[in-house]
file model_9.txt (compact mmCIF, C-alpha atoms and all ligand atoms)
# COMPACT_ATOMS: atom_id res chain seq x y z
CA MET A 1258 -67.25 50.67 -36.70
CA THR A 1259 -70.94 49.96 -36.12
CA ALA A 1260 -71.76 47.58 -33.29
CA GLU A 1261 -73.77 44.56 -34.41
CA MET A 1262 -75.53 41.55 -32.95
CA ARG A 1263 -77.01 38.68 -34.95
CA LEU A 1264 -80.35 37.61 -33.53
CA SER A 1265 -81.77 34.28 -34.67
CA ILE A 1266 -85.33 33.29 -33.87
CA LEU A 1267 -85.65 29.61 -33.03
CA GLY A 1268 -89.07 29.79 -31.41
CA SER A 1269 -91.49 32.69 -31.85
CA GLY A 1270 -94.67 31.02 -30.60
CA ALA A 1271 -96.54 31.44 -27.33
CA ALA A 1272 -97.15 28.44 -25.06
CA PHE A 1273 -100.11 27.01 -26.94
CA SER A 1274 -99.44 28.65 -30.25
CA GLU A 1275 -99.80 27.08 -33.68
CA VAL A 1276 -97.64 29.68 -35.42
CA GLY A 1277 -94.19 28.77 -34.12
CA HIS A 1278 -92.06 26.80 -31.72
CA ASN A 1279 -92.04 27.85 -28.08
CA SER A 1280 -89.65 30.55 -26.93
CA ALA A 1281 -85.98 30.37 -27.92
CA HIS A 1282 -83.75 33.07 -29.40
CA LEU A 1283 -80.04 33.02 -30.13
CA LEU A 1284 -77.55 35.88 -30.12
CA ASP A 1285 -74.41 35.55 -32.25
CA GLY A 1286 -74.54 31.76 -32.05
CA LYS A 1287 -73.48 31.77 -28.39
CA LEU A 1288 -76.09 33.24 -26.04
CA LEU A 1289 -79.48 31.57 -25.88
CA LEU A 1290 -82.52 33.47 -24.57
CA ASP A 1291 -84.91 30.83 -23.21
CA CYS A 1292 -85.09 27.18 -24.24
CA GLY A 1293 -88.70 26.28 -25.04
CA ALA A 1294 -88.02 25.13 -28.61
CA PRO A 1295 -86.15 21.95 -29.63
CA VAL A 1296 -82.98 23.99 -29.82
CA THR A 1297 -80.49 21.15 -30.36
CA SER A 1298 -82.12 20.07 -33.61
CA LEU A 1299 -82.87 23.61 -34.80
CA LEU A 1300 -79.37 25.04 -34.38
CA PRO A 1301 -77.74 23.25 -37.36
CA GLY A 1302 -80.37 24.76 -39.66
CA ILE A 1303 -79.04 28.23 -38.87
CA GLY A 1304 -75.40 27.18 -38.96
CA ALA A 1305 -75.01 26.97 -35.17
CA SER A 1306 -74.27 24.18 -32.72
CA VAL A 1307 -75.14 23.33 -29.15
CA GLY A 1308 -71.41 22.85 -28.63
CA ASP A 1309 -70.79 26.54 -29.39
CA LEU A 1310 -73.21 27.93 -26.83
CA GLU A 1311 -71.61 29.84 -23.97
CA ALA A 1312 -74.57 30.78 -21.79
CA ILE A 1313 -78.34 30.57 -21.49
CA LEU A 1314 -80.61 33.19 -19.95
CA ILE A 1315 -83.91 31.80 -18.67
CA SER A 1316 -86.71 34.30 -18.11
CA HIS A 1317 -88.96 32.09 -15.96
CA PHE A 1318 -89.94 28.48 -15.40
CA HIS A 1319 -93.04 28.03 -17.52
CA GLY A 1320 -92.58 25.00 -19.75
CA ASP A 1321 -92.66 26.95 -22.99
CA HIS A 1322 -89.45 28.69 -21.90
CA VAL A 1323 -87.49 25.80 -20.34
CA ILE A 1324 -88.90 22.46 -21.48
CA HIS A 1325 -86.00 21.58 -23.82
CA LEU A 1326 -83.25 22.56 -21.40
CA PRO A 1327 -82.57 18.99 -20.14
CA THR A 1328 -82.30 17.69 -23.72
CA LEU A 1329 -79.91 20.49 -24.61
CA LEU A 1330 -77.69 19.82 -21.58
CA VAL A 1331 -77.49 16.07 -22.12
CA THR A 1332 -76.92 16.48 -25.87
CA ARG A 1333 -74.08 18.86 -25.20
CA ARG A 1334 -72.60 16.44 -22.66
CA LEU A 1335 -72.84 13.45 -25.02
CA ARG A 1336 -72.11 15.06 -28.40
CA HIS A 1337 -69.71 17.82 -27.37
CA PRO A 1338 -67.90 16.45 -24.31
CA LYS A 1339 -65.03 18.92 -24.69
CA ALA A 1340 -67.30 21.98 -24.72
CA PRO A 1341 -66.64 24.24 -21.74
CA PRO A 1342 -69.18 24.60 -18.96
CA LEU A 1343 -72.34 26.46 -19.88
CA ARG A 1344 -73.47 29.32 -17.67
CA LEU A 1345 -77.15 28.89 -16.90
CA ILE A 1346 -78.77 32.03 -15.54
CA GLY A 1347 -82.35 32.24 -14.33
CA PRO A 1348 -84.55 33.55 -11.52
CA PRO A 1349 -84.42 32.30 -7.93
CA GLY A 1350 -85.40 28.63 -7.73
CA PHE A 1351 -83.64 27.77 -11.00
CA LEU A 1352 -81.58 24.92 -9.53
CA ARG A 1353 -84.61 23.24 -7.99
CA HIS A 1354 -86.70 23.61 -11.15
CA LEU A 1355 -83.91 22.35 -13.41
CA THR A 1356 -83.32 19.32 -11.20
CA ILE A 1357 -87.00 18.41 -11.26
CA LEU A 1358 -87.17 18.98 -15.01
CA GLY A 1359 -84.03 16.92 -15.71
CA GLU A 1360 -85.03 13.99 -13.51
CA THR A 1361 -88.52 13.99 -14.97
CA ALA A 1362 -87.17 14.04 -18.51
CA PHE A 1363 -84.50 11.34 -18.20
CA GLY A 1364 -84.94 9.70 -14.81
CA THR A 1365 -82.55 10.03 -11.93
CA GLY A 1366 -80.22 7.40 -13.49
CA LEU A 1367 -78.88 9.29 -16.49
CA TRP A 1368 -79.08 12.67 -14.80
CA SER A 1369 -77.18 11.39 -11.71
CA ARG A 1370 -74.64 9.45 -13.77
CA ILE A 1371 -73.63 12.54 -15.75
CA GLU A 1372 -73.41 14.47 -12.52
CA ALA A 1373 -71.23 11.76 -10.97
CA GLU A 1374 -68.92 11.58 -13.98
CA ASP A 1375 -68.63 15.30 -14.68
CA GLY A 1376 -69.04 16.75 -11.25
CA PRO A 1377 -72.17 18.67 -10.47
CA LEU A 1378 -73.79 19.75 -13.71
CA TRP A 1379 -75.54 22.27 -11.52
CA ALA A 1380 -72.44 24.15 -10.49
CA ARG A 1381 -72.93 26.47 -13.40
CA VAL A 1382 -76.46 27.43 -12.43
CA GLU A 1383 -76.78 31.05 -11.31
CA GLU A 1384 -79.92 32.43 -9.69
CA TRP A 1385 -80.27 36.12 -10.48
CA GLU A 1386 -82.55 38.82 -9.16
CA GLU A 1387 -83.51 42.34 -10.23
CA GLY A 1388 -80.49 44.55 -10.78
CA ARG A 1389 -77.81 41.86 -10.91
CA SER A 1390 -75.35 42.47 -13.70
CA ASP A 1391 -72.28 40.69 -15.03
CA GLN A 1392 -70.23 39.96 -18.12
CA VAL A 1393 -71.76 36.90 -19.78
CA ALA A 1394 -70.46 35.38 -23.03
CA GLY A 1395 -68.87 38.70 -23.95
CA TYR A 1396 -71.97 40.80 -23.24
CA GLN A 1397 -72.87 42.95 -20.30
CA VAL A 1398 -76.09 41.39 -19.00
CA GLU A 1399 -78.47 42.88 -16.44
CA ALA A 1400 -81.64 41.36 -14.97
CA PHE A 1401 -84.95 43.22 -14.68
CA SER A 1402 -87.83 41.92 -12.59
CA VAL A 1403 -91.10 41.82 -14.54
CA ILE A 1404 -94.62 40.88 -13.49
CA HIS A 1405 -96.12 37.90 -15.34
CA ALA A 1406 -97.39 34.97 -13.26
CA PRO A 1407 -98.18 35.54 -9.59
CA GLU A 1408 -96.51 32.32 -8.44
CA LEU A 1409 -93.24 32.91 -10.28
CA GLU A 1410 -90.37 35.36 -10.18
CA CYS A 1411 -89.85 36.42 -13.78
CA LEU A 1412 -86.93 38.25 -15.34
CA GLY A 1413 -86.28 40.28 -18.42
CA TYR A 1414 -82.69 40.90 -19.49
CA ARG A 1415 -80.67 43.73 -20.96
CA VAL A 1416 -77.83 42.41 -23.13
CA SER A 1417 -75.32 44.96 -24.39
CA ILE A 1418 -72.01 45.56 -26.08
CA PRO A 1419 -70.50 49.01 -26.52
CA GLY A 1420 -72.78 50.97 -28.83
CA LEU A 1421 -75.66 48.46 -28.94
CA SER A 1422 -78.18 47.05 -26.48
CA LEU A 1423 -80.97 44.52 -26.74
CA GLY A 1424 -83.72 43.93 -24.19
CA TYR A 1425 -85.56 40.62 -23.85
CA THR A 1426 -88.85 40.84 -21.99
CA GLY A 1427 -89.52 37.15 -21.40
CA ASP A 1428 -93.20 36.99 -20.47
CA THR A 1429 -94.54 40.12 -18.86
CA THR A 1430 -97.42 42.45 -18.30
CA TYR A 1431 -97.22 46.21 -18.86
CA CYS A 1432 -95.33 46.72 -15.61
CA PRO A 1433 -92.66 49.07 -14.24
CA GLY A 1434 -89.89 46.54 -14.89
CA LEU A 1435 -90.84 46.34 -18.56
CA LEU A 1436 -90.73 50.12 -18.86
CA ARG A 1437 -87.35 50.37 -17.15
CA LEU A 1438 -85.96 47.68 -19.44
CA ALA A 1439 -87.45 49.22 -22.58
CA ARG A 1440 -86.11 52.68 -21.72
CA SER A 1441 -82.59 51.29 -21.33
CA VAL A 1442 -82.15 49.61 -24.72
CA ASP A 1443 -81.97 50.28 -28.48
CA HIS A 1444 -83.83 47.11 -29.52
CA LEU A 1445 -86.47 45.15 -27.60
CA LEU A 1446 -87.32 41.51 -28.22
CA CYS A 1447 -90.80 41.87 -26.82
CA GLU A 1448 -93.51 39.38 -26.12
CA CYS A 1449 -96.88 40.06 -27.77
CA THR A 1450 -99.15 37.17 -26.93
CA SER A 1451 -102.30 38.59 -28.52
CA PHE A 1452 -103.25 41.20 -31.08
CA SER A 1453 -107.00 40.91 -30.58
CA ARG A 1454 -107.69 41.14 -26.85
CA PRO A 1455 -106.08 42.10 -23.54
CA GLN A 1456 -104.27 39.34 -21.67
CA PRO A 1457 -104.24 39.10 -17.86
CA THR A 1458 -100.63 37.89 -17.65
CA HIS A 1459 -99.13 39.00 -20.97
CA LEU A 1460 -98.79 41.93 -23.32
CA TRP A 1461 -101.12 42.44 -26.23
CA GLY A 1462 -100.91 44.57 -29.35
CA GLU A 1463 -102.45 47.75 -27.92
CA GLU A 1464 -99.97 47.79 -25.04
CA VAL A 1465 -97.06 47.18 -27.39
CA ALA A 1466 -98.32 50.04 -29.57
CA ALA A 1467 -98.49 52.26 -26.47
CA LEU A 1468 -94.90 51.32 -25.63
CA MET A 1469 -93.84 52.30 -29.14
CA ARG A 1470 -95.62 55.66 -28.83
CA GLU A 1471 -93.89 56.32 -25.51
CA LEU A 1472 -90.47 55.29 -26.84
CA PRO A 1473 -90.48 56.17 -30.54
CA SER A 1474 -86.78 55.44 -31.07
CA LEU A 1475 -87.06 51.91 -29.66
CA ARG A 1476 -86.92 49.19 -32.31
CA LEU A 1477 -89.18 46.24 -31.52
CA ILE A 1478 -89.11 42.60 -32.55
CA LEU A 1479 -92.32 40.88 -31.47
CA THR A 1480 -92.20 37.27 -30.28
CA HIS A 1481 -94.21 34.84 -28.09
CA LEU A 1482 -96.97 35.05 -30.68
CA ASN A 1483 -100.33 33.33 -30.75
CA GLU A 1484 -101.20 34.84 -34.08
CA ARG A 1485 -99.35 36.74 -36.75
CA ARG A 1486 -100.65 40.21 -37.51
CA PRO A 1487 -98.67 43.24 -38.64
CA LEU A 1488 -98.07 45.97 -36.09
CA PRO A 1489 -96.80 49.07 -37.91
CA GLY A 1490 -93.24 49.91 -36.93
CA ALA A 1491 -92.46 46.55 -35.32
CA LEU A 1492 -90.80 43.48 -36.80
CA LEU A 1493 -92.71 40.24 -36.37
CA ALA A 1494 -90.46 37.33 -35.38
CA SER A 1495 -90.76 34.05 -37.25
CA ASP A 1496 -88.99 30.76 -36.71
CA GLY A 1497 -85.75 30.57 -38.68
CA LEU A 1498 -85.47 34.34 -39.13
CA THR A 1499 -82.07 35.93 -38.48
CA VAL A 1500 -81.77 39.70 -38.21
CA THR A 1501 -78.70 41.86 -37.72
CA LEU A 1502 -79.17 44.47 -35.01
CA ARG A 1503 -77.09 47.60 -35.37
CA GLY A 1504 -76.27 50.33 -32.92
CA CYS A 1505 -74.69 53.72 -33.10
CA ALA A 1506 -71.18 54.13 -34.42
CA GLY A 1507 -68.30 54.16 -31.98
CA GLY A 1508 -68.62 53.39 -28.27
ZN ZN A 1601 -94.94 32.36 -18.95

call {"tool": "encode", "arguments": {"input": "model_9.txt", "output": "structure tokens"}}
result
Amino acid sequence: MTAEMRLSILGSGAAFSEVGHNSAHLLDGKLLLDCGAPVTSLLPGIGASVGDLEAILISHFHGDHVIHLPTLLVTRRLRHPKAPPLRLIGPPGFLRHLTILGETAFGTGLWSRIEAEDGPLWARVEEWEEGRSDQVAGYQVEAFSVIHAPELECLGYRVSIPGLSLGYTGDTTYCPGLLRLARSVDHLLCECTSFSRPQPTHLWGEEVAALMRELPSLRLILTHLNERRPLPGALLASDGLTVTLRGCAGG
């Protein structure tokens, strides 16, 4: 039997893009990779629900990757009160950033009231570093440290099931962590913020093309786009697109 994952693109745009929502990607309706798009209202359009999520992996704390997280958490609490606790995984500092984000979004009243009624919403927050690995929502997940913004610790993730692995770069430069992640997976959901010029804190088309030359068997899906241009051999993400990723047969 061939291993499969269903990858849905909810947000394929870069921070200040006009070609798509900010970063959010969903695996098999249950594992969310970043939460920059209005995920709660986009999920029904692809036949998914915030109540069915099991875990969220956050790559870093720039707004275009986390800004809708408070809305998602409160919506799940109010609309799906029987849903089990979500695992929220992100880099060091996640708890502090999420608290600031949540209190800014809804004030300390609502945020604190939910916490008081449900116990600490934050108990499910996990702060991961390079090399940490665990079973998450039925996948084996491993964190890779990547270099993006000097003031932030940023993670990419390897998500795998037997016979199939997907890497998610988050935001990154062409750094050793990116290469280690890319070498370890079959498919790579890879940021490509520009096709026309180098970026100081991101990847651009020439670097992605170099990665493809170095790893010719790697299958790339490009996201975090500022513009939409074809890159031969890579799939360009677009909002609402769902693709089925397949691995080798057997284990
Ligand atoms: Zn960023």

call {"tool": "atom_distance", "arguments": {"input": "model_9.txt", "atom1": "atom CA of A:Leu1310", "atom2": "atom CA of A:Arg1485"}}
result
29.3 Å

call {"tool": "residues_around", "arguments": {"input": "model_9.txt", "residues": "A:Gly1277", "least_positions_apart": "5", "cutoff": "7 Å", "atoms": "only C-alpha atoms", "output": "compact mmCIF listing (two decimals) with C-alpha atoms, in the coordinates of the input"}}
result
# COMPACT_ATOMS: atom_id res chain seq x y z
CA GLY A 1268 -89.07 29.79 -31.41
CA SER A 1269 -91.49 32.69 -31.85
CA GLY A 1270 -94.67 31.02 -30.60
CA ASP A 1496 -88.99 30.76 -36.71

call {"tool": "closest_residue", "arguments": {"input": "model_9.txt", "among": "A:Arg1353, A:Arg1486, A:His1405, A:Arg1334", "to": "ligand ZN 1601 (chain A)", "atoms": "all atoms listed in the file"}}
result
A:His1405

call {"tool": "closest_atom_pairs", "arguments": {"input": "model_9.txt", "of": "chain A", "to": "ligand ZN 1601 (chain A)", "cutoff": "9 Å", "atoms": "only C-alpha atoms and all ligand atoms", "output": "Markdown table"}}
result
| residue | atom | partner | partner_atom | distance |
| --- | --- | --- | --- | --- |
| A:Ala1271 | CA | A:ZN1601 | ZN | 8.6 |
| A:Ala1272 | CA | A:ZN1601 | ZN | 7.6 |
| A:Ser1316 | CA | A:ZN1601 | ZN | 8.5 |
| A:His1317 | CA | A:ZN1601 | ZN | 6.7 |
| A:Phe1318 | CA | A:ZN1601 | ZN | 7.3 |
| A:His1319 | CA | A:ZN1601 | ZN | 4.9 |
| A:Gly1320 | CA | A:ZN1601 | ZN | 7.8 |
| A:Asp1321 | CA | A:ZN1601 | ZN | 7.1 |
| A:His1322 | CA | A:ZN1601 | ZN | 7.2 |
| A:His1405 | CA | A:ZN1601 | ZN | 6.7 |
| A:Ala1406 | CA | A:ZN1601 | ZN | 6.7 |
| A:Leu1409 | CA | A:ZN1601 | ZN | 8.9 |
| A:Cys1411 | CA | A:ZN1601 | ZN | 8.3 |
| A:Gly1427 | CA | A:ZN1601 | ZN | 7.6 |
| A:Asp1428 | CA | A:ZN1601 | ZN | 5.2 |
| A:Thr1429 | CA | A:ZN1601 | ZN | 7.8 |
| A:Thr1458 | CA | A:ZN1601 | ZN | 8.0 |
| A:His1459 | CA | A:ZN1601 | ZN | 8.1 |

call {"tool": "residues_around", "arguments": {"input": "model_9.txt", "residues": "A:Phe1401", "least_positions_apart": "3", "cutoff": "10 Å", "atoms": "all atoms listed in the file", "output": "MDAnalysis selection string"}}
result
chainID A and resid 1316 1385:1390 1411:1415 1424:1426 1433:1438

call {"tool": "write_last_selection", "arguments": {"input": "model_9.txt", "atoms": "C-alpha atoms", "output": "PDB file, in the coordinates of the input"}}
result
ATOM      1  CA  SER A1316     -86.710  34.300 -18.110  1.00  0.00           C
ATOM      2  CA  TRP A1385     -80.270  36.120 -10.480  1.00  0.00           C
ATOM      3  CA  GLU A1386     -82.550  38.820  -9.160  1.00  0.00           C
ATOM      4  CA  GLU A1387     -83.510  42.340 -10.230  1.00  0.00           C
ATOM      5  CA  GLY A1388     -80.490  44.550 -10.780  1.00  0.00           C
ATOM      6  CA  ARG A1389     -77.810  41.860 -10.910  1.00  0.00           C
ATOM      7  CA  SER A1390     -75.350  42.470 -13.700  1.00  0.00           C
ATOM      8  CA  CYS A1411     -89.850  36.420 -13.780  1.00  0.00           C
ATOM      9  CA  LEU A1412     -86.930  38.250 -15.340  1.00  0.00           C
ATOM     10  CA  GLY A1413     -86.280  40.280 -18.420  1.00  0.00           C
ATOM     11  CA  TYR A1414     -82.690  40.900 -19.490  1.00  0.00           C
ATOM     12  CA  ARG A1415     -80.670  43.730 -20.960  1.00  0.00           C
ATOM     13  CA  GLY A1424     -83.720  43.930 -24.190  1.00  0.00           C
ATOM     14  CA  TYR A1425     -85.560  40.620 -23.850  1.00  0.00           C
ATOM     15  CA  THR A1426     -88.850  40.840 -21.990  1.00  0.00           C
ATOM     16  CA  PRO A1433     -92.660  49.070 -14.240  1.00  0.00           C
ATOM     17  CA  GLY A1434     -89.890  46.540 -14.890  1.00  0.00           C
ATOM     18  CA  LEU A1435     -90.840  46.340 -18.560  1.00  0.00           C
ATOM     19  CA  LEU A1436     -90.730  50.120 -18.860  1.00  0.00           C
ATOM     20  CA  ARG A1437     -87.350  50.370 -17.150  1.00  0.00           C
ATOM     21  CA  LEU A1438     -85.960  47.680 -19.440  1.00  0.00           C
TER      22      LEU A1438
END

call {"tool": "closest_residue", "arguments": {"input": "model_9.txt", "among": "A:Cys1449, A:Leu1288, A:Ala1467, A:Ile1478", "to": "A:Val1398", "atoms": "all atoms listed in the file"}}
result
A:Leu1288

call {"tool": "closest_residue", "arguments": {"input": "model_9.txt", "among": "A:Val1416, A:Val1393, A:Ala1340, A:Leu1421", "to": "A:Thr1501", "atoms": "all atoms listed in the file"}}
result
A:Leu1421

call {"tool": "residues_around", "arguments": {"input": "model_9.txt", "residues": "A:Val1331", "least_positions_apart": "6", "cutoff": "10 Å", "atoms": "only C-alpha atoms", "output": "list in words"}}
result
His1337, Pro1338, Gly1359, Phe1363, Leu1367, Trp1368, Ile1371 and Leu1378 of chain A

call {"tool": "atom_distance", "arguments": {"input": "model_9.txt", "atom1": "atom CA of A:Leu1498", "atom2": "atom CA of A:Thr1450"}}
result
18.5 Å

call {"tool": "residues_near_point", "arguments": {"input": "model_9.txt", "point": "(-70.9, 47.9, -24.9)", "cutoff": "8 Å", "atoms": "all atoms listed in the file", "output": "list of chain:residue names"}}
result
A:Tyr1396, A:Gln1397, A:Ser1417, A:Ile1418, A:Pro1419, A:Gly1420, A:Leu1421, A:Ser1422, A:Gly1508

call {"tool": "atom_distance", "arguments": {"input": "model_9.txt", "atom1": "atom CA of A:Ser1441", "atom2": "atom CA of A:Arg1476"}}
result
12.0 Å

call {"tool": "decode", "arguments": {"input": "model_9.txt", "residues": "stretch 1340-1358 of chain A", "atoms": "N, CA and C atoms", "output": "short mmCIF file (atom, residue, chain, number, x, y, z; two decimals), in the first residue's frame"}}
result
data_model
loop_
_atom_site.label_atom_id
_atom_site.label_comp_id
_atom_site.auth_asym_id
_atom_site.auth_seq_id
_atom_site.Cartn_x
_atom_site.Cartn_y
_atom_site.Cartn_z
N ALA A 1340 -14.04 19.26 21.86
CA ALA A 1340 -12.81 18.86 21.14
C ALA A 1340 -11.68 18.67 22.15
N PRO A 1341 -10.84 17.67 21.94
CA PRO A 1341 -9.74 17.44 22.89
C PRO A 1341 -8.69 18.54 22.80
N PRO A 1342 -7.83 18.59 23.78
CA PRO A 1342 -6.80 19.65 23.78
C PRO A 1342 -5.94 19.61 22.53
N LEU A 1343 -5.66 20.79 22.01
CA LEU A 1343 -4.76 20.90 20.86
C LEU A 1343 -3.33 20.91 21.36
N ARG A 1344 -2.45 20.27 20.64
CA ARG A 1344 -1.01 20.44 20.93
C ARG A 1344 -0.50 21.59 20.08
N LEU A 1345 0.09 22.55 20.73
CA LEU A 1345 0.65 23.71 20.04
C LEU A 1345 2.16 23.66 20.19
N ILE A 1346 2.85 23.51 19.08
CA ILE A 1346 4.30 23.33 19.10
C ILE A 1346 4.95 24.48 18.36
N GLY A 1347 5.92 25.11 18.99
CA GLY A 1347 6.63 26.22 18.35
C GLY A 1347 8.00 26.39 18.98
N PRO A 1348 8.75 27.37 18.50
CA PRO A 1348 10.10 27.59 19.04
C PRO A 1348 10.06 28.13 20.46
N PRO A 1349 11.23 28.19 21.11
CA PRO A 1349 11.31 28.77 22.45
C PRO A 1349 10.70 30.18 22.47
N GLY A 1350 9.97 30.47 23.55
CA GLY A 1350 9.28 31.76 23.66
C GLY A 1350 7.83 31.70 23.21
N PHE A 1351 7.39 30.52 22.77
CA PHE A 1351 6.03 30.40 22.22
C PHE A 1351 4.97 30.82 23.23
N LEU A 1352 5.09 30.35 24.47
CA LEU A 1352 4.08 30.67 25.48
C LEU A 1352 3.95 32.18 25.68
N ARG A 1353 5.09 32.83 25.79
CA ARG A 1353 5.06 34.30 26.00
C ARG A 1353 4.44 35.00 24.79
N HIS A 1354 4.84 34.61 23.59
CA HIS A 1354 4.30 35.25 22.40
C HIS A 1354 2.80 35.00 22.26
N LEU A 1355 2.37 33.78 22.54
CA LEU A 1355 0.95 33.46 22.40
C LEU A 1355 0.11 34.22 23.41
N THR A 1356 0.63 34.37 24.63
CA THR A 1356 -0.09 35.12 25.65
C THR A 1356 -0.25 36.58 25.22
N ILE A 1357 0.82 37.18 24.75
CA ILE A 1357 0.75 38.57 24.29
C ILE A 1357 -0.23 38.69 23.13
N LEU A 1358 -0.15 37.77 22.20
CA LEU A 1358 -1.00 37.80 21.01
C LEU A 1358 -2.48 37.65 21.41
#
